[in-house]
Amino acid sequence: MSRDELVKKIAASAGISQKVASAALNAVLECITESLKKGDKVSLVGFGSFSVAHRKARNGINPKTKKPLKIPARNVPVFKAGKNLKEAVKKAK
């Protein structure tokens with residue numbers, strides 16, 4: 001599902017215009033992004049939680065040249081699905 005399809009679905013479900021639905025989706029995504037930038041965790045009960053994990057620096061190999069290289073440490077976003085989401089996907093088969 002693309003962003004446009006999601007906006008249309010939100011607008012239809014909530015009975016609002018696509019412009020308002022798009023603004024609401026943008027606001028939610030912006031709030032989640034800002035919270036993760038600060039290092040906070042965002043939990044949506046039943047859906048899942050977003051958090052930040054730290055990856056340590058490590059050694060890697062450039063697959064093209066086979067030369068070793070250092071991969072720097074960094075923070076990455078992590079999503080853990082909640083129980084209700086897991087159950088819904090499990091039953092969808």
# chains A, B, ... in the order shown; residues from 1 in each chain; ligands from 1
$ residues_around --residues "range 47-58 of chain A" --least-positions-apart "5" --cutoff "12 Å" --atoms "only C-alpha atoms" --output "VMD selection string"
chain A and resid 29 31 to 42 68 to 89
$ atom_distance --atom1 "CA of Ile10 in chain A" --atom2 "CA of Lys91 in chain A"
22.7 Å
$ select_by_dssp --residues "chain A" --states "strand (DSSP E or B)" --output "MDAnalysis selection string"
chainID A and resid 42:44 48:55 58:61 68:71 74:81
$ closest_residue --among "A:Ile61, A:Ala12, A:Leu44, A:Ala92" --to "Val28 in chain A" --atoms "only C-alpha atoms"
A:Leu44
$ atom_distance --atom1 "CA of Ser22 in chain A" --atom2 "CA of Asp4 in chain A"
8.4 Å
$ atom_distance --atom1 "CA of Lys9 in chain A" --atom2 "CA of Ala21 in chain A"
8.9 Å
$ select_by_dssp --residues "range 18-90 of chain A" --states "helix (DSSP H, G or I)" --output "MDAnalysis selection string"
chainID A and resid 18:38 83:90
$ closest_residue --among "A:Lys67, A:Asn62, A:Ala11, A:Gly46" --to "Leu25 in chain A" --atoms "only C-alpha atoms"
A:Ala11
